file protein31.cif (mmCIF, C-alpha atoms)
data_query
loop_
_atom_site.label_atom_id
_atom_site.label_comp_id
_atom_site.auth_asym_id
_atom_site.auth_seq_id
_atom_site.Cartn_x
_atom_site.Cartn_y
_atom_site.Cartn_z
CA MET A 100 -16.64 50.91 -0.32
CA PRO A 101 -14.37 52.41 2.39
CA GLY A 102 -10.70 51.63 1.84
CA GLU A 103 -10.93 50.74 -1.84
CA LYS A 104 -8.61 52.25 -4.41
CA ALA A 105 -7.95 51.87 -8.11
CA TYR A 106 -4.94 49.72 -9.03
CA LYS A 107 -3.41 48.89 -12.37
CA ILE A 108 -4.18 45.27 -13.22
CA SER A 109 -0.62 44.82 -14.50
CA GLU A 110 0.72 45.58 -10.99
CA ILE A 111 -1.36 42.85 -9.30
CA ILE A 112 0.20 39.39 -8.99
CA ARG A 113 -2.10 36.50 -9.89
CA LEU A 114 -1.01 33.10 -8.59
CA PRO A 115 -2.70 29.69 -9.20
CA GLU A 116 -2.63 28.77 -5.50
CA PHE A 117 -4.97 31.68 -4.71
CA GLN A 118 -7.42 30.83 -7.48
CA ILE A 119 -9.75 28.64 -5.45
CA ARG A 120 -12.52 28.63 -8.04
CA ASP A 121 -12.29 27.49 -11.67
CA ILE A 122 -12.90 30.08 -14.38
CA ASN A 123 -16.55 30.23 -15.44
CA ASP A 124 -17.14 32.03 -18.76
CA ASP A 125 -20.90 32.31 -18.19
CA TYR A 126 -20.28 34.05 -14.88
CA ILE A 127 -17.92 36.51 -16.59
CA MET A 128 -20.69 37.35 -19.06
CA ASP A 129 -23.08 37.98 -16.17
CA LEU A 130 -20.58 40.29 -14.47
CA ASN A 131 -20.08 42.21 -17.68
CA GLU A 132 -23.72 43.32 -17.57
CA ASN A 133 -23.02 45.02 -14.23
CA LEU A 134 -19.51 46.24 -14.94
CA ASP A 135 -19.90 49.69 -13.37
CA HIS A 136 -21.17 48.33 -10.06
CA LEU A 137 -18.80 45.47 -9.30
CA PRO A 138 -17.56 45.20 -5.70
CA PRO A 139 -13.81 45.66 -5.13
CA VAL A 140 -11.43 42.73 -5.30
CA ILE A 141 -9.12 41.85 -2.40
CA ILE A 142 -5.34 42.03 -2.72
CA TYR A 143 -2.71 41.17 -0.12
CA ASP A 144 0.83 42.20 0.67
CA ILE A 145 2.16 38.81 1.78
CA THR A 146 4.38 39.35 4.82
CA ASP A 147 6.20 35.99 4.96
CA LYS A 148 7.12 35.75 1.25
CA ASP A 149 8.00 38.37 -1.32
CA PHE A 150 5.95 37.95 -4.49
CA GLY A 151 7.07 41.26 -5.95
CA GLY A 152 3.79 43.06 -5.45
CA PRO A 153 0.26 42.74 -4.07
CA VAL A 154 -1.31 39.32 -4.66
CA LEU A 155 -4.89 38.87 -5.86
CA VAL A 156 -6.72 36.92 -3.16
CA ALA A 157 -10.38 37.29 -4.17
CA GLY A 158 -12.02 38.58 -7.33
CA ASN A 159 -10.35 36.81 -10.24
CA HIS A 160 -13.54 36.88 -12.33
CA ARG A 161 -13.94 40.61 -11.66
CA VAL A 162 -10.40 41.25 -12.91
CA LEU A 163 -10.97 39.12 -16.01
CA VAL A 164 -14.21 40.88 -16.94
CA ARG A 165 -12.52 44.29 -16.73
CA GLU A 166 -9.68 43.03 -18.93
CA LYS A 167 -12.16 41.73 -21.49
CA ALA A 168 -13.83 45.15 -21.45
CA GLY A 169 -10.49 46.79 -22.28
CA GLN A 170 -9.96 48.34 -18.86
CA ASP A 171 -6.47 48.47 -17.33
CA HIS A 172 -7.47 49.04 -13.70
CA VAL A 173 -9.55 47.44 -10.98
CA TYR A 174 -10.86 48.67 -7.64
CA ALA A 175 -9.40 46.78 -4.72
CA ILE A 176 -9.13 46.65 -0.94
CA ARG A 177 -5.49 46.15 0.02
CA LYS A 178 -4.59 44.13 3.11
CA SER A 179 -1.48 42.72 4.72
CA GLY A 180 -0.96 39.24 6.16
CA THR A 181 0.81 35.91 5.92
CA ARG A 182 0.38 33.50 3.03
CA ASN A 183 -1.88 31.29 5.16
CA GLN A 184 -4.04 34.25 6.19
CA ALA A 185 -4.38 35.26 2.54
CA LEU A 186 -5.34 31.72 1.54
CA GLU A 187 -7.97 31.59 4.28
CA GLU A 188 -9.49 34.86 3.07
CA SER A 189 -9.41 33.59 -0.51
CA ILE A 190 -11.27 30.42 0.45
CA HIS A 191 -13.82 32.18 2.65
CA SER A 192 -14.52 34.92 0.13
CA ASN A 193 -15.01 32.46 -2.72
CA ALA A 194 -17.16 30.18 -0.56
CA THR A 195 -19.51 32.90 0.68
CA HIS A 196 -19.69 35.45 -2.16
CA GLY A 197 -20.41 35.47 -5.85
CA LEU A 198 -20.65 32.27 -7.80
CA GLY A 199 -19.96 29.90 -4.93
CA LEU A 200 -17.83 26.77 -4.96
CA SER A 201 -18.56 23.42 -6.56
CA GLN A 202 -18.46 20.30 -4.41
CA LYS A 203 -15.00 19.43 -5.74
CA GLU A 204 -13.75 22.96 -5.04
CA LYS A 205 -15.15 22.81 -1.49
CA THR A 206 -13.41 19.50 -0.89
CA ASN A 207 -10.10 20.87 -2.18
CA ALA A 208 -10.53 23.97 -0.02
CA VAL A 209 -11.13 21.91 3.13
CA LYS A 210 -8.11 19.74 2.36
CA LEU A 211 -5.96 22.84 2.00
CA LEU A 212 -7.23 24.32 5.27
CA LEU A 213 -6.64 21.07 7.15
CA LYS A 214 -3.10 20.77 5.80
CA MET A 215 -2.42 24.35 6.94
CA ASN A 216 -4.11 24.12 10.36
CA ASN A 217 -5.24 20.61 11.21
CA GLU A 218 -5.36 21.50 14.92
CA ARG A 219 -8.43 23.69 14.30
CA ASN A 220 -11.73 22.04 15.08
CA ASN A 221 -14.12 20.95 12.33
CA SER A 222 -16.59 23.77 12.94
CA TRP A 223 -13.90 26.43 12.48
CA ILE A 224 -12.67 24.89 9.24
CA GLY A 225 -16.26 24.49 8.06
CA GLU A 226 -17.09 28.16 8.69
CA ILE A 227 -14.17 29.27 6.53
CA ALA A 228 -14.95 26.87 3.66
CA GLY A 229 -18.73 27.19 3.83
CA VAL A 230 -19.39 23.51 4.63
CA SER A 231 -20.73 21.56 7.60
CA ASP A 232 -18.52 20.22 10.37
CA LYS A 233 -19.62 16.71 9.33
CA THR A 234 -18.18 17.30 5.86
CA VAL A 235 -14.92 18.50 7.40
CA LYS A 236 -14.77 15.44 9.65
CA LYS A 237 -15.20 13.07 6.70
CA ILE A 238 -12.39 14.77 4.78
CA ARG A 239 -10.20 14.89 7.91
CA ASP A 240 -10.69 11.15 8.49
CA SER A 241 -9.64 10.44 4.91
CA LEU A 242 -6.51 12.61 5.15
CA GLU A 243 -5.55 11.03 8.48
CA LEU A 244 -6.07 7.54 7.10
CA ASN A 245 -3.81 8.31 4.14
CA GLY A 246 -1.18 9.91 6.36
CA ASP A 247 -1.57 13.33 4.71
CA ILE A 248 -2.12 15.08 8.06
CA GLU A 249 -1.26 14.13 11.62
CA ILE A 250 -3.86 12.97 14.12
CA VAL A 251 -4.18 15.53 16.92
CA ASP A 252 -5.38 14.97 20.48
CA THR A 253 -6.71 18.50 21.04
CA PHE A 254 -8.60 20.88 18.78
CA LYS A 255 -8.52 24.68 18.89
CA THR A 256 -11.79 26.59 18.54
CA ARG A 257 -12.26 29.99 16.95
CA ASP A 258 -12.74 31.61 20.38
CA GLY A 259 -9.38 30.31 21.61
CA LYS A 260 -10.51 27.29 23.60
CA ASN A 261 -8.85 23.88 23.51
CA ILE A 262 -11.14 20.85 23.33
CA GLY A 263 -10.39 17.15 23.28
CA THR A 264 -11.01 15.16 20.11
CA THR A 265 -13.31 12.16 19.96
CA LYS A 266 -10.34 9.91 19.16
CA LYS A 267 -9.58 8.36 22.55
CA SER A 268 -6.27 6.66 23.22
CA THR A 269 -6.36 3.13 24.67
CA MET A 270 -2.83 3.13 26.06
CA ASP A 271 -3.99 2.60 29.67
CA SER A 272 -5.74 -0.65 28.77
CA GLY A 273 -2.66 -2.17 27.09
CA TYR A 274 -3.69 -1.17 23.58
CA VAL A 275 -2.35 1.58 21.36
CA ASN A 276 -3.78 3.51 18.45
CA LEU A 277 -2.66 1.96 15.18
CA ARG A 278 -2.07 3.83 11.92
CA VAL A 279 -2.01 1.45 8.99
CA VAL A 280 -1.12 2.05 5.35
CA ILE A 281 -2.60 -0.58 3.03
CA ASN A 282 -1.04 -0.73 -0.43
CA CYS A 283 -3.78 -2.09 -2.67
CA ALA A 284 -2.97 -4.20 -5.71
CA SER A 285 -5.71 -2.61 -7.77
CA GLU A 286 -8.34 0.12 -7.80
CA ASP A 287 -11.03 -2.55 -7.36
CA GLN A 288 -9.37 -3.76 -4.17
CA ARG A 289 -9.19 -0.21 -2.82
CA GLU A 290 -12.90 0.25 -3.52
CA LEU A 291 -13.69 -2.98 -1.65
CA ILE A 292 -11.88 -1.72 1.42
CA GLU A 293 -13.51 1.71 1.19
CA SER A 294 -16.90 0.04 0.89
CA ALA A 295 -16.31 -1.91 4.09
CA LEU A 296 -15.14 1.21 5.93
CA ASP A 297 -18.08 3.29 4.70
CA LYS A 298 -20.55 0.61 5.76
CA GLY A 299 -19.06 0.58 9.25
CA ALA A 300 -19.22 4.35 9.53
CA LYS A 301 -22.87 4.49 8.39
CA GLU A 302 -23.96 1.76 10.81
CA CYS A 303 -22.60 3.18 14.01
CA GLY A 304 -20.35 6.20 13.50
CA SER A 305 -16.62 6.61 13.12
CA HIS A 306 -15.72 4.12 15.87
CA LYS A 307 -17.49 1.41 13.86
CA ARG A 308 -15.41 2.41 10.87
CA CYS A 309 -12.32 1.81 13.00
CA ARG A 310 -13.62 -1.65 13.92
CA VAL A 311 -13.90 -2.52 10.24
CA LEU A 312 -10.33 -1.34 9.73
CA GLU A 313 -9.27 -3.56 12.62
CA LEU A 314 -11.05 -6.44 10.94
CA ILE A 315 -9.19 -5.81 7.69
CA CYS A 316 -5.85 -5.58 9.53
CA ALA A 317 -6.55 -8.80 11.39
CA ASP A 318 -7.39 -10.56 8.15
CA PHE A 319 -4.12 -9.41 6.59
CA LEU A 320 -2.17 -10.57 9.62
CA SER A 321 -3.77 -14.01 9.54
CA GLY A 322 -3.13 -14.41 5.79
CA GLY A 323 -6.76 -14.12 4.75
CA ASP A 324 -8.23 -13.18 1.38
CA ILE A 325 -9.09 -9.47 1.16
CA SER A 326 -11.57 -10.15 -1.66
CA LYS A 327 -14.17 -11.35 0.84
CA PHE A 328 -14.81 -7.73 1.79
CA GLU A 329 -16.79 -7.36 -1.40
CA HIS A 330 -19.80 -8.63 0.57
CA THR A 331 -19.74 -6.10 3.36
CA ASP A 332 -23.16 -7.15 4.62
CA GLU A 333 -21.59 -10.40 5.80
CA LEU A 334 -19.01 -8.69 8.02
CA ASP A 335 -19.22 -9.37 11.73
CA LEU A 336 -18.01 -5.97 12.93
CA ASN A 337 -17.38 -7.21 16.49
CA LYS A 338 -15.51 -10.38 15.58
CA PHE A 339 -11.97 -9.10 15.48
CA THR A 340 -9.69 -6.67 17.25
CA VAL A 341 -5.94 -6.16 16.98
CA ASP A 342 -3.99 -6.62 20.20
CA MET A 343 -0.88 -4.40 20.25
CA SER A 344 0.22 -5.17 23.82
CA ASP A 345 3.87 -6.21 24.33
CA ASN A 346 4.64 -4.80 20.88
CA ALA A 347 3.26 -7.90 19.21
CA PHE A 348 0.39 -8.45 16.80
CA ASN A 349 -2.10 -11.00 18.10
CA THR A 350 -5.33 -11.59 16.27
CA ILE A 351 -8.19 -12.19 18.68
CA LYS A 352 -11.19 -14.06 17.29
#
call {"tool": "encode", "arguments": {"input": "protein31.cif", "output": "structure tokens"}}
result
Amino acid sequence: MPGEKAYKISEIIRLPEFQIRDINDDYIMDLNENLDHLPPVIIYDITDKDFGGPVLVAGNHRVLVREKAGQDHVYAIRKSGTRNQALEESIHSNATHGLGLSQKEKTNAVKLLLKMNNERNNSWIGEIAGVSDKTVKKIRDSLELNGDIEIVDTFKTRDGKNIGTTKKSTMDSGYVNLRVVINCASEDQRELIESALDKGAKECGSHKRCRVLELICADFLSGGDISKFEHTDELDLNKFTVDMSDNAFNTIK
């Protein structure tokens, strides 16, 4: 392949953060049968942090199979870029070539991409990680709900455009968007809340999920019993809202 060269394996830096995929011994055995025709790995000179040498970004299994075969070199394409650019290439390469990623690995990859660039739209993130934009949205919603990433008003697309998100502010009507952290007393209680939220999302999209969250908040504010959310089919999703006008909580029934 144009641009590839042989490098000593001992000179290549291997870091856990760039190992997007778990080691698969069966896959190594498969690669060993085609040892002389393996594609080159990808290594990066990281420009915003000195790791002491080129970092392996894609091809960990290919390096391991050569080591097991007693070889001390590997063919690689050497690039230069920031840590985030190298991580993106690592995720995209692992998602679209070779063994592929497990569902857990895809989820972790999307989380990493969102934490690096949460202003990118779901389609862009999905293209890099090899998942649908709906999958990205679900993971984004979870990270936003837990406070792991900020909620943005505008997304950036791959072609450089800025587009508005579907999360509309209600400031003009006297209401404000509310971010709530609920500390659950037990794992069972957390699952009850998640069940209610999931039911709302399935019935009528993400805005319905928000209505269920409003219902839960209203119940907390009025001193209710959270255990009733076990029976999510009994929820009246339009019964409650949380009024934030005049900086005061008022439960409207």
call {"tool": "closest_atom_pairs", "arguments": {"input": "protein31.cif", "of": "range 146-212 of chain A", "to": "range 232-239 of chain A", "cutoff": "10 Å", "atoms": "all atoms listed in the file", "output": "CSV"}}
result
residue,atom,partner,partner_atom,distance
A:Lys205,CA,A:Thr234,CA,9.7
A:Thr206,CA,A:Ile238,CA,7.5
A:Asn207,CA,A:Ile238,CA,9.5
A:Val209,CA,A:Val235,CA,6.7
A:Lys210,CA,A:Ile238,CA,7.0
A:Leu212,CA,A:Val235,CA,9.9
call {"tool": "residues_around", "arguments": {"input": "protein31.cif", "residues": "Phe150 in chain A", "least_positions_apart": "2", "cutoff": "12 Å", "atoms": "all atoms listed in the file", "output": "PyMOL selection string"}}
result
chain A and resi 110-114+143-148+152-155+181-182
call {"tool": "residues_near_point", "arguments": {"input": "protein31.cif", "point": "(-1.5, 22.1, 8.2)", "cutoff": "12 Å", "atoms": "all atoms listed in the file", "output": "JSON, numbers by chain"}}
result
{"A": [183, 209, 210, 211, 212, 213, 214, 215, 216, 217, 218, 219, 224, 239, 242, 243, 247, 248, 249, 250, 251]}
call {"tool": "atom_distance", "arguments": {"input": "protein31.cif", "atom1": "CA of Ile176 in chain A", "atom2": "CA of Ala194 in chain A"}}
result
18.3 Å
call {"tool": "atom_distance", "arguments": {"input": "protein31.cif", "atom1": "CA of Lys107 in chain A", "atom2": "CA of Gln170 in chain A"}}
result
9.2 Å
call {"tool": "closest_residue", "arguments": {"input": "protein31.cif", "among": "A:Ala175, A:Ile190, A:Ile262, A:Ile119", "to": "Asn220 in chain A", "atoms": "all atoms listed in the file"}}
result
A:Ile262
call {"tool": "resolve_selection", "arguments": {"input": "protein31.cif", "expression": "the PyMOL selection byres ((chain A and resi 197) around 12)", "output": "short mmCIF file (atom, residue, chain, number, x, y, z; two decimals) with C-alpha atoms, in the frame of the given file"}}
result
data_model
loop_
_atom_site.label_atom_id
_atom_site.label_comp_id
_atom_site.auth_asym_id
_atom_site.auth_seq_id
_atom_site.Cartn_x
_atom_site.Cartn_y
_atom_site.Cartn_z
CA ARG A 120 -12.52 28.63 -8.04
CA ASN A 123 -16.55 30.23 -15.44
CA TYR A 126 -20.28 34.05 -14.88
CA ILE A 127 -17.92 36.51 -16.59
CA ASP A 129 -23.08 37.98 -16.17
CA LEU A 130 -20.58 40.29 -14.47
CA LEU A 137 -18.80 45.47 -9.30
CA PRO A 138 -17.56 45.20 -5.70
CA VAL A 140 -11.43 42.73 -5.30
CA ALA A 157 -10.38 37.29 -4.17
CA GLY A 158 -12.02 38.58 -7.33
CA ASN A 159 -10.35 36.81 -10.24
CA HIS A 160 -13.54 36.88 -12.33
CA ARG A 161 -13.94 40.61 -11.66
CA HIS A 191 -13.82 32.18 2.65
CA SER A 192 -14.52 34.92 0.13
CA ASN A 193 -15.01 32.46 -2.72
CA ALA A 194 -17.16 30.18 -0.56
CA THR A 195 -19.51 32.90 0.68
CA HIS A 196 -19.69 35.45 -2.16
CA LEU A 198 -20.65 32.27 -7.80
CA GLY A 199 -19.96 29.90 -4.93
CA LEU A 200 -17.83 26.77 -4.96
#
call {"tool": "closest_residue", "arguments": {"input": "protein31.cif", "among": "A:Gly169, A:Asn221, A:Gln184, A:Ile122", "to": "Lys255 in chain A", "atoms": "all atoms listed in the file"}}
result
A:Asn221
call {"tool": "atom_distance", "arguments": {"input": "protein31.cif", "atom1": "CA of Asp258 in chain A", "atom2": "CA of Ser222 in chain A"}}
result
11.5 Å
call {"tool": "closest_residue", "arguments": {"input": "protein31.cif", "among": "A:Asp125, A:Arg177, A:Gln118, A:Ile142", "to": "Gly102 in chain A", "atoms": "only C-alpha atoms"}}
result
A:Arg177
call {"tool": "residues_around", "arguments": {"input": "protein31.cif", "residues": "Asp135 in chain A", "least_positions_apart": "4", "cutoff": "12 Å", "atoms": "only C-alpha atoms", "output": "number ranges by chain"}}
result
A: 130-131, 139, 161, 164-165, 168, 170, 173-174
